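Data block for upload38.tsv (TSV, N, CA and C atoms):
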chain	number	residue	atom	x	y	z
F	37	GLY	N	-1.26	-20.37	-6.00
F	37	GLY	CA	-1.93	-20.34	-4.74
F	37	GLY	C	-0.97	-20.26	-3.56
F	38	GLN	N	0.30	-20.08	-3.80
F	38	GLN	CA	1.28	-20.01	-2.70
F	38	GLN	C	1.46	-18.55	-2.26
F	39	ASP	N	1.80	-18.35	-1.00
F	39	ASP	CA	2.03	-16.99	-0.52
F	39	ASP	C	3.48	-16.57	-0.75
F	40	GLU	N	3.77	-15.34	-0.37
F	40	GLU	CA	5.09	-14.77	-0.60
F	40	GLU	C	6.21	-15.51	0.13
F	41	ALA	N	5.92	-16.03	1.29
F	41	ALA	CA	6.93	-16.75	2.07
F	41	ALA	C	7.37	-18.02	1.34
F	42	VAL	N	6.43	-18.72	0.75
F	42	VAL	CA	6.77	-19.94	0.01
F	42	VAL	C	7.59	-19.57	-1.23
F	43	MET	N	7.22	-18.50	-1.90
F	43	MET	CA	7.97	-18.08	-3.07
F	43	MET	C	9.39	-17.66	-2.69
F	44	GLY	N	9.54	-17.04	-1.54
F	44	GLY	CA	10.87	-16.71	-1.05
F	44	GLY	C	11.69	-17.95	-0.73
F	45	LEU	N	11.06	-18.94	-0.09
F	45	LEU	CA	11.73	-20.21	0.17
F	45	LEU	C	12.12	-20.92	-1.13
F	46	PHE	N	11.24	-20.87	-2.11
F	46	PHE	CA	11.51	-21.46	-3.41
F	46	PHE	C	12.75	-20.84	-4.04
F	47	SER	N	12.79	-19.52	-4.06
F	47	SER	CA	13.92	-18.81	-4.64
F	47	SER	C	15.21	-19.10	-3.87
F	48	ALA	N	15.12	-19.12	-2.54
F	48	ALA	CA	16.30	-19.40	-1.72
F	48	ALA	C	16.79	-20.83	-1.93
F	49	ALA	N	15.88	-21.78	-2.00
F	49	ALA	CA	16.27	-23.18	-2.20
F	49	ALA	C	16.98	-23.35	-3.54
F	50	GLN	N	16.44	-22.72	-4.57
F	50	GLN	CA	17.05	-22.82	-5.90
F	50	GLN	C	18.44	-22.18	-5.91
F	51	THR	N	18.56	-21.00	-5.33
F	51	THR	CA	19.83	-20.29	-5.32
F	51	THR	C	20.88	-21.02	-4.48
F	52	LEU	N	20.49	-21.51	-3.32
F	52	LEU	CA	21.44	-22.25	-2.47
F	52	LEU	C	21.88	-23.55	-3.13
F	53	ALA	N	20.97	-24.22	-3.84
F	53	ALA	CA	21.34	-25.44	-4.56
F	53	ALA	C	22.32	-25.13	-5.67
F	54	MET	N	22.11	-24.01	-6.36
F	54	MET	CA	23.05	-23.59	-7.40
F	54	MET	C	24.43	-23.33	-6.81
F	55	ALA	N	24.48	-22.65	-5.69
F	55	ALA	CA	25.76	-22.34	-5.06
F	55	ALA	C	26.47	-23.59	-4.56
F	56	ALA	N	25.72	-24.47	-3.92
F	56	ALA	CA	26.32	-25.68	-3.36
F	56	ALA	C	26.84	-26.60	-4.45
F	57	THR	N	26.06	-26.78	-5.49
F	57	THR	CA	26.52	-27.69	-6.55
F	57	THR	C	27.56	-27.03	-7.45
F	58	GLY	N	27.58	-25.72	-7.49
F	58	GLY	CA	28.61	-25.04	-8.27
F	58	GLY	C	30.01	-25.39	-7.80
F	59	ALA	N	30.13	-25.60	-6.50
F	59	ALA	CA	31.43	-25.98	-5.94
F	59	ALA	C	31.84	-27.40	-6.37
F	60	LEU	N	30.88	-28.23	-6.71
F	60	LEU	CA	31.16	-29.60	-7.12
F	60	LEU	C	31.34	-29.77	-8.62
F	61	MET	N	31.02	-28.75	-9.38
F	61	MET	CA	31.03	-28.88	-10.83
F	61	MET	C	32.42	-29.18	-11.39
F	62	GLY	N	33.45	-28.61	-10.82
F	62	GLY	CA	34.81	-28.88	-11.30
F	62	GLY	C	35.15	-30.36	-11.24
F	63	THR	N	34.75	-31.00	-10.16
F	63	THR	CA	34.99	-32.44	-10.02
F	63	THR	C	34.20	-33.22	-11.07
F	64	LEU	N	32.94	-32.85	-11.26
F	64	LEU	CA	32.11	-33.55	-12.25
F	64	LEU	C	32.65	-33.34	-13.67
F	65	PHE	N	33.09	-32.12	-13.97
F	65	PHE	CA	33.65	-31.86	-15.30
F	65	PHE	C	34.91	-32.70	-15.51
F	66	GLY	N	35.71	-32.84	-14.46
F	66	GLY	CA	36.93	-33.63	-14.57
F	66	GLY	C	36.64	-35.11	-14.79
F	67	ARG	N	35.61	-35.61	-14.15
F	67	ARG	CA	35.28	-37.04	-14.25
F	67	ARG	C	34.44	-37.38	-15.47
F	68	LEU	N	33.45	-36.54	-15.76
F	68	LEU	CA	32.51	-36.85	-16.83
F	68	LEU	C	32.73	-36.05	-18.10
F	69	GLY	N	33.43	-34.94	-18.01
F	69	GLY	CA	33.57	-34.03	-19.14
F	69	GLY	C	32.45	-33.00	-19.15
F	70	SER	N	32.70	-31.89	-19.82
F	70	SER	CA	31.71	-30.81	-19.82
F	70	SER	C	30.44	-31.20	-20.56
F	71	TRP	N	30.57	-31.91	-21.66
F	71	TRP	CA	29.39	-32.27	-22.46
F	71	TRP	C	28.43	-33.16	-21.67
F	72	ARG	N	28.94	-34.22	-21.05
F	72	ARG	CA	28.07	-35.13	-20.30
F	72	ARG	C	27.46	-34.44	-19.08
F	73	THR	N	28.26	-33.63	-18.40
F	73	THR	CA	27.76	-32.94	-17.22
F	73	THR	C	26.65	-31.96	-17.60
F	74	MET	N	26.86	-31.20	-18.66
F	74	MET	CA	25.85	-30.25	-19.09
F	74	MET	C	24.60	-30.94	-19.63
F	75	THR	N	24.77	-32.04	-20.33
F	75	THR	CA	23.62	-32.78	-20.84
F	75	THR	C	22.79	-33.35	-19.69
F	76	GLY	N	23.46	-33.91	-18.69
F	76	GLY	CA	22.76	-34.40	-17.50
F	76	GLY	C	22.06	-33.28	-16.76
F	77	GLY	N	22.73	-32.14	-16.64
F	77	GLY	CA	22.12	-30.99	-15.98
F	77	GLY	C	20.91	-30.47	-16.73
F	78	LEU	N	20.99	-30.47	-18.06
F	78	LEU	CA	19.86	-30.04	-18.87
F	78	LEU	C	18.68	-30.99	-18.70
F	79	ALA	N	18.94	-32.28	-18.69
F	79	ALA	CA	17.88	-33.27	-18.49
F	79	ALA	C	17.23	-33.10	-17.12
F	80	LEU	N	18.06	-32.90	-16.08
F	80	LEU	CA	17.53	-32.68	-14.74
F	80	LEU	C	16.70	-31.40	-14.68
F	81	PHE	N	17.21	-30.34	-15.29
F	81	PHE	CA	16.50	-29.06	-15.32
F	81	PHE	C	15.16	-29.20	-16.03
F	82	ALA	N	15.14	-29.89	-17.16
F	82	ALA	CA	13.90	-30.06	-17.93
F	82	ALA	C	12.89	-30.90	-17.14
F	83	ALA	N	13.34	-31.99	-16.54
F	83	ALA	CA	12.43	-32.84	-15.77
F	83	ALA	C	11.87	-32.08	-14.57
F	84	ALA	N	12.73	-31.36	-13.86
F	84	ALA	CA	12.27	-30.60	-12.70
F	84	ALA	C	11.34	-29.47	-13.12
F	85	GLY	N	11.64	-28.82	-14.25
F	85	GLY	CA	10.77	-27.77	-14.75
F	85	GLY	C	9.40	-28.29	-15.11
F	86	PHE	N	9.35	-29.47	-15.74
F	86	PHE	CA	8.07	-30.09	-16.05
F	86	PHE	C	7.31	-30.41	-14.76
F	87	GLY	N	8.04	-30.92	-13.77
F	87	GLY	CA	7.42	-31.21	-12.48
F	87	GLY	C	6.88	-29.96	-11.81
F	88	LEU	N	7.60	-28.85	-11.94
F	88	LEU	CA	7.14	-27.59	-11.35
F	88	LEU	C	5.83	-27.13	-11.97
F	89	ALA	N	5.65	-27.41	-13.25
F	89	ALA	CA	4.41	-27.01	-13.93
F	89	ALA	C	3.21	-27.78	-13.40
F	90	LEU	N	3.46	-28.96	-12.83
F	90	LEU	CA	2.35	-29.80	-12.38
F	90	LEU	C	2.19	-29.85	-10.86
F	91	ALA	N	3.21	-29.45	-10.13
F	91	ALA	CA	3.20	-29.59	-8.67
F	91	ALA	C	2.41	-28.47	-8.00
F	92	SER	N	1.86	-28.79	-6.83
F	92	SER	CA	1.17	-27.76	-6.06
F	92	SER	C	1.51	-27.81	-4.58
F	93	SER	N	2.04	-28.92	-4.09
F	93	SER	CA	2.35	-28.99	-2.66
F	93	SER	C	3.69	-28.31	-2.38
F	94	THR	N	3.76	-27.65	-1.27
F	94	THR	CA	4.95	-26.88	-0.92
F	94	THR	C	6.21	-27.74	-0.82
F	95	PRO	N	6.20	-28.89	-0.13
F	95	PRO	CA	7.43	-29.69	-0.07
F	95	PRO	C	7.92	-30.14	-1.45
F	96	LEU	N	7.00	-30.52	-2.32
F	96	LEU	CA	7.38	-30.94	-3.67
F	96	LEU	C	7.93	-29.77	-4.47
F	97	LEU	N	7.33	-28.60	-4.33
F	97	LEU	CA	7.84	-27.41	-5.01
F	97	LEU	C	9.26	-27.09	-4.56
F	98	LEU	N	9.52	-27.22	-3.27
F	98	LEU	CA	10.86	-26.93	-2.76
F	98	LEU	C	11.88	-27.96	-3.25
F	99	LEU	N	11.51	-29.22	-3.29
F	99	LEU	CA	12.40	-30.25	-3.82
F	99	LEU	C	12.70	-29.99	-5.29
F	100	LEU	N	11.69	-29.67	-6.05
F	100	LEU	CA	11.90	-29.38	-7.47
F	100	LEU	C	12.71	-28.11	-7.67
F	101	ALA	N	12.59	-27.14	-6.77
F	101	ALA	CA	13.41	-25.94	-6.84
F	101	ALA	C	14.88	-26.29	-6.66
F	102	VAL	N	15.16	-27.19	-5.72
F	102	VAL	CA	16.55	-27.64	-5.51
F	102	VAL	C	17.07	-28.34	-6.76
F	103	LEU	N	16.27	-29.23	-7.33
F	103	LEU	CA	16.71	-29.95	-8.53
F	103	LEU	C	16.90	-29.01	-9.71
F	104	THR	N	16.04	-28.01	-9.82
F	104	THR	CA	16.20	-27.01	-10.87
F	104	THR	C	17.50	-26.24	-10.67
F	105	GLY	N	17.81	-25.90	-9.43
F	105	GLY	CA	19.06	-25.19	-9.14
F	105	GLY	C	20.28	-26.01	-9.49
F	106	VAL	N	20.24	-27.31	-9.24
F	106	VAL	CA	21.35	-28.20	-9.59
F	106	VAL	C	21.53	-28.22	-11.12
F	107	GLY	N	20.42	-28.33	-11.84
F	107	GLY	CA	20.48	-28.35	-13.30
F	107	GLY	C	21.01	-27.05	-13.87
F	108	VAL	N	20.53	-25.94	-13.36
F	108	VAL	CA	20.99	-24.63	-13.84
F	108	VAL	C	22.46	-24.44	-13.52
F	109	SER	N	22.88	-24.89	-12.37
F	109	SER	CA	24.29	-24.77	-11.99
F	109	SER	C	25.20	-25.48	-12.99
F	110	SER	N	24.81	-26.66	-13.42
F	110	SER	CA	25.65	-27.39	-14.37
F	110	SER	C	25.70	-26.67	-15.71
F	111	LEU	N	24.62	-26.03	-16.09
F	111	LEU	CA	24.61	-25.29	-17.36
F	111	LEU	C	25.43	-24.01	-17.27
F	112	PHE	N	25.25	-23.27	-16.19
F	112	PHE	CA	25.99	-22.02	-16.05
F	112	PHE	C	27.48	-22.27	-15.87
F	113	ALA	N	27.81	-23.20	-14.99
F	113	ALA	CA	29.23	-23.47	-14.72
F	113	ALA	C	29.91	-24.16	-15.90
F	114	GLY	N	29.14	-24.85	-16.71
F	114	GLY	CA	29.73	-25.60	-17.80
F	114	GLY	C	29.88	-24.85	-19.11
F	115	THR	N	29.29	-23.68	-19.20
F	115	THR	CA	29.32	-22.97	-20.48
F	115	THR	C	30.74	-22.65	-20.92
F	116	MET	N	31.51	-22.02	-20.08
F	116	MET	CA	32.87	-21.64	-20.49
F	116	MET	C	33.79	-22.84	-20.67
F	117	PRO	N	33.79	-23.85	-19.79
F	117	PRO	CA	34.62	-25.02	-20.07
F	117	PRO	C	34.25	-25.70	-21.40
F	118	ALA	N	32.97	-25.75	-21.71
F	118	ALA	CA	32.56	-26.36	-22.97
F	118	ALA	C	33.05	-25.54	-24.16
F	119	ILE	N	32.96	-24.23	-24.05
F	119	ILE	CA	33.45	-23.37	-25.13
F	119	ILE	C	34.96	-23.55	-25.30
F	120	MET	N	35.67	-23.60	-24.18
F	120	MET	CA	37.13	-23.78	-24.25
F	120	MET	C	37.49	-25.13	-24.88
F	121	GLU	N	36.67	-26.14	-24.62
F	121	GLU	CA	36.94	-27.49	-25.11
F	121	GLU	C	36.54	-27.67	-26.58
F	122	TRP	N	35.45	-27.06	-27.00
F	122	TRP	CA	34.87	-27.37	-28.30
F	122	TRP	C	35.07	-26.30	-29.36
F	123	VAL	N	35.50	-25.09	-28.98
F	123	VAL	CA	35.62	-24.00	-29.95
F	123	VAL	C	37.09	-23.64	-30.11
F	124	SER	N	37.49	-23.34	-31.34
F	124	SER	CA	38.88	-22.94	-31.59
F	124	SER	C	39.18	-21.63	-30.88
F	125	PRO	N	40.45	-21.39	-30.56
F	125	PRO	CA	40.80	-20.14	-29.85
F	125	PRO	C	40.32	-18.88	-30.55
F	126	ASP	N	40.30	-18.88	-31.86
F	126	ASP	CA	39.85	-17.69	-32.59
F	126	ASP	C	38.35	-17.43	-32.44
F	127	GLY	N	37.57	-18.46	-32.21
F	127	GLY	CA	36.12	-18.30	-32.13
F	127	GLY	C	35.57	-18.22	-30.73
F	128	ARG	N	36.42	-18.30	-29.73
F	128	ARG	CA	35.93	-18.35	-28.34
F	128	ARG	C	35.25	-17.06	-27.90
F	129	GLN	N	35.76	-15.92	-28.33
F	129	GLN	CA	35.15	-14.66	-27.93
F	129	GLN	C	33.73	-14.55	-28.47
F	130	LEU	N	33.55	-14.86	-29.74
F	130	LEU	CA	32.21	-14.81	-30.33
F	130	LEU	C	31.31	-15.87	-29.71
F	131	ALA	N	31.82	-17.07	-29.53
F	131	ALA	CA	31.00	-18.15	-28.96
F	131	ALA	C	30.53	-17.81	-27.55
F	132	SER	N	31.41	-17.27	-26.73
F	132	SER	CA	31.00	-16.94	-25.36
F	132	SER	C	30.01	-15.77	-25.35
F	133	THR	N	30.21	-14.81	-26.23
F	133	THR	CA	29.28	-13.68	-26.31
F	133	THR	C	27.89	-14.16	-26.73
F	134	VAL	N	27.83	-14.98	-27.76
F	134	VAL	CA	26.54	-15.49	-28.23
F	134	VAL	C	25.90	-16.38	-27.17
F	135	ALA	N	26.68	-17.24	-26.53
F	135	ALA	CA	26.14	-18.15	-25.51
F	135	ALA	C	25.50	-17.37	-24.37
F	136	PHE	N	26.20	-16.38	-23.84
F	136	PHE	CA	25.65	-15.65	-22.70
F	136	PHE	C	24.51	-14.71	-23.11
F	137	ALA	N	24.54	-14.19	-24.33
F	137	ALA	CA	23.41	-13.39	-24.81
F	137	ALA	C	22.17	-14.26	-24.96
F	138	LEU	N	22.34	-15.48	-25.47
F	138	LEU	CA	21.20	-16.39	-25.61
F	138	LEU	C	20.64	-16.82	-24.26
F	139	VAL	N	21.50	-16.99	-23.27
F	139	VAL	CA	21.03	-17.33	-21.92
F	139	VAL	C	20.14	-16.21	-21.39
F	140	GLY	N	20.62	-14.97	-21.48
F	140	GLY	CA	19.82	-13.84	-21.01
F	140	GLY	C	18.51	-13.70	-21.76
F	141	LEU	N	18.57	-13.86	-23.08
F	141	LEU	CA	17.37	-13.75	-23.89
F	141	LEU	C	16.38	-14.87	-23.58
F	142	SER	N	16.87	-16.09	-23.44
F	142	SER	CA	15.97	-17.21	-23.16
F	142	SER	C	15.35	-17.09	-21.77
F	143	LEU	N	16.09	-16.60	-20.79
F	143	LEU	CA	15.51	-16.39	-19.46
F	143	LEU	C	14.40	-15.34	-19.51
F	144	THR	N	14.63	-14.28	-20.26
F	144	THR	CA	13.63	-13.22	-20.38
F	144	THR	C	12.38	-13.72	-21.10
F	145	VAL	N	12.57	-14.38	-22.24
F	145	VAL	CA	11.42	-14.89	-23.00
F	145	VAL	C	10.69	-15.97	-22.20
F	146	GLY	N	11.44	-16.85	-21.54
F	146	GLY	CA	10.82	-17.88	-20.73
F	146	GLY	C	9.99	-17.31	-19.60
F	147	SER	N	10.50	-16.28	-18.95
F	147	SER	CA	9.73	-15.63	-17.87
F	147	SER	C	8.49	-14.95	-18.42
F	148	LEU	N	8.61	-14.33	-19.57
F	148	LEU	CA	7.45	-13.67	-20.19
F	148	LEU	C	6.38	-14.69	-20.55
F	149	VAL	N	6.78	-15.74	-21.22
F	149	VAL	CA	5.82	-16.79	-21.61
F	149	VAL	C	5.23	-17.44	-20.36
F	150	GLY	N	6.08	-17.75	-19.37
F	150	GLY	CA	5.61	-18.36	-18.13
F	150	GLY	C	4.63	-17.48	-17.38
F	151	GLY	N	4.78	-16.17	-17.50
F	151	GLY	CA	3.86	-15.25	-16.85
F	151	GLY	C	2.47	-15.23	-17.49
F	152	PHE	N	2.45	-15.45	-18.80
F	152	PHE	CA	1.18	-15.41	-19.51
F	152	PHE	C	0.47	-16.76	-19.58
F	153	LEU	N	1.19	-17.86	-19.47
F	153	LEU	CA	0.58	-19.19	-19.61
F	153	LEU	C	-0.55	-19.47	-18.63
F	154	PRO	N	-0.44	-19.10	-17.35
F	154	PRO	CA	-1.55	-19.40	-16.45
F	154	PRO	C	-2.87	-18.76	-16.87
F	155	ARG	N	-2.82	-17.64	-17.53
F	155	ARG	CA	-4.05	-16.97	-17.99
F	155	ARG	C	-4.72	-17.77	-19.10
F	156	LEU	N	-3.90	-18.45	-19.90
F	156	LEU	CA	-4.46	-19.23	-21.01
F	156	LEU	C	-5.15	-20.47	-20.48

For this file, produce the structure as structure tokens.
Amino acid sequence: GQDEAVMGLFSAAQTLAMAATGALMGTLFGRLGSWRTMTGGLALFAAAGFGLALASSTPLLLLLAVLTGVGVSSLFAGTMPAIMEWVSPDGRQLASTVAFALVGLSLTVGSLVGGFLPRL
């Protein structure tokens, strides 16, 4: 039930949150490690995503968009450090290829499923 302007604000809030927190990820990785940072980001992303499925007010949607952006930022920024930390040098090329292919595939499938769910 939101208009195009709200959807544009939603997208901008999420993208700006990703950019802003991306600059902080190096510090978090240094203090907490890639695994803890990514796990926390995944939990935040999942909680915010669940909230987005239930929210309808514009301010709440924008807040959840920011939280989703923070969670996505930790996952995107943490992928390569985690691979470097947890995968042997010989397997890093395959691991990074599979990781980024799965990200693209999951975003596509998630968008497809998300597009059809409201009709159900």

Nearest to Ala135 in chain F: which of F:Val149, F:Arg67, F:Phe46, F:Thr115 is it, counting all atoms listed in the file?
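Closest to Ala135 in chain F, using all atoms listed in the file: F:Thr115.
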
Counting all atoms listed in the file, the residue of F:Met74, F:Ala41, F:Leu138, F:Leu80 that sits nearest Ser110 in chain F:
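When distances to Ser110 in chain F are compared using all atoms listed in the file, the smallest one comes from F:Met74.
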
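In terms of minimum interatomic distance to Ala79 in chain F, F:Gly107 ranks closest within F:Gln129, F:Gly150, F:Leu60, F:Gly107, counting all atoms listed in the file.
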
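With only C-alpha atoms as the atoms that count, the minimum distance from Ala118 in chain F to the choices F:Thr75, F:Ser93, F:Gln38, F:Thr51 is reached by F:Thr75.
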
Using CA of Leu100 in chain F and CA of Phe81 in chain F as the two end points, give the distance in Å to one decimal.
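One can read the CA of Leu100 in chain F to CA of Phe81 in chain F distance as 9.1 Å.
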
To one decimal place in Å, what is the distance between atom C of Met54 in chain F and CA of Gly105 in chain F?
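For atom C of Met54 in chain F relative to CA of Gly105 in chain F, the distance reads 6.1 Å.
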
What is the distance, in Å and to one decimal place, between atom C of Ala131 in chain F and atom N of Met116 in chain F?
8.6 Å

Of the listed residues F:Gly127, F:Ala49, F:Leu141, F:Arg72, that which approaches Leu96 in chain F most closely, counting only C-alpha atoms:
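The closest residue to Leu96 in chain F is F:Ala49.
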
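Shortest atom-to-atom contact with Phe136 in chain F among F:Ala55, F:Leu103, F:Met61, F:Ile119: F:Ile119, counting only C-alpha atoms.
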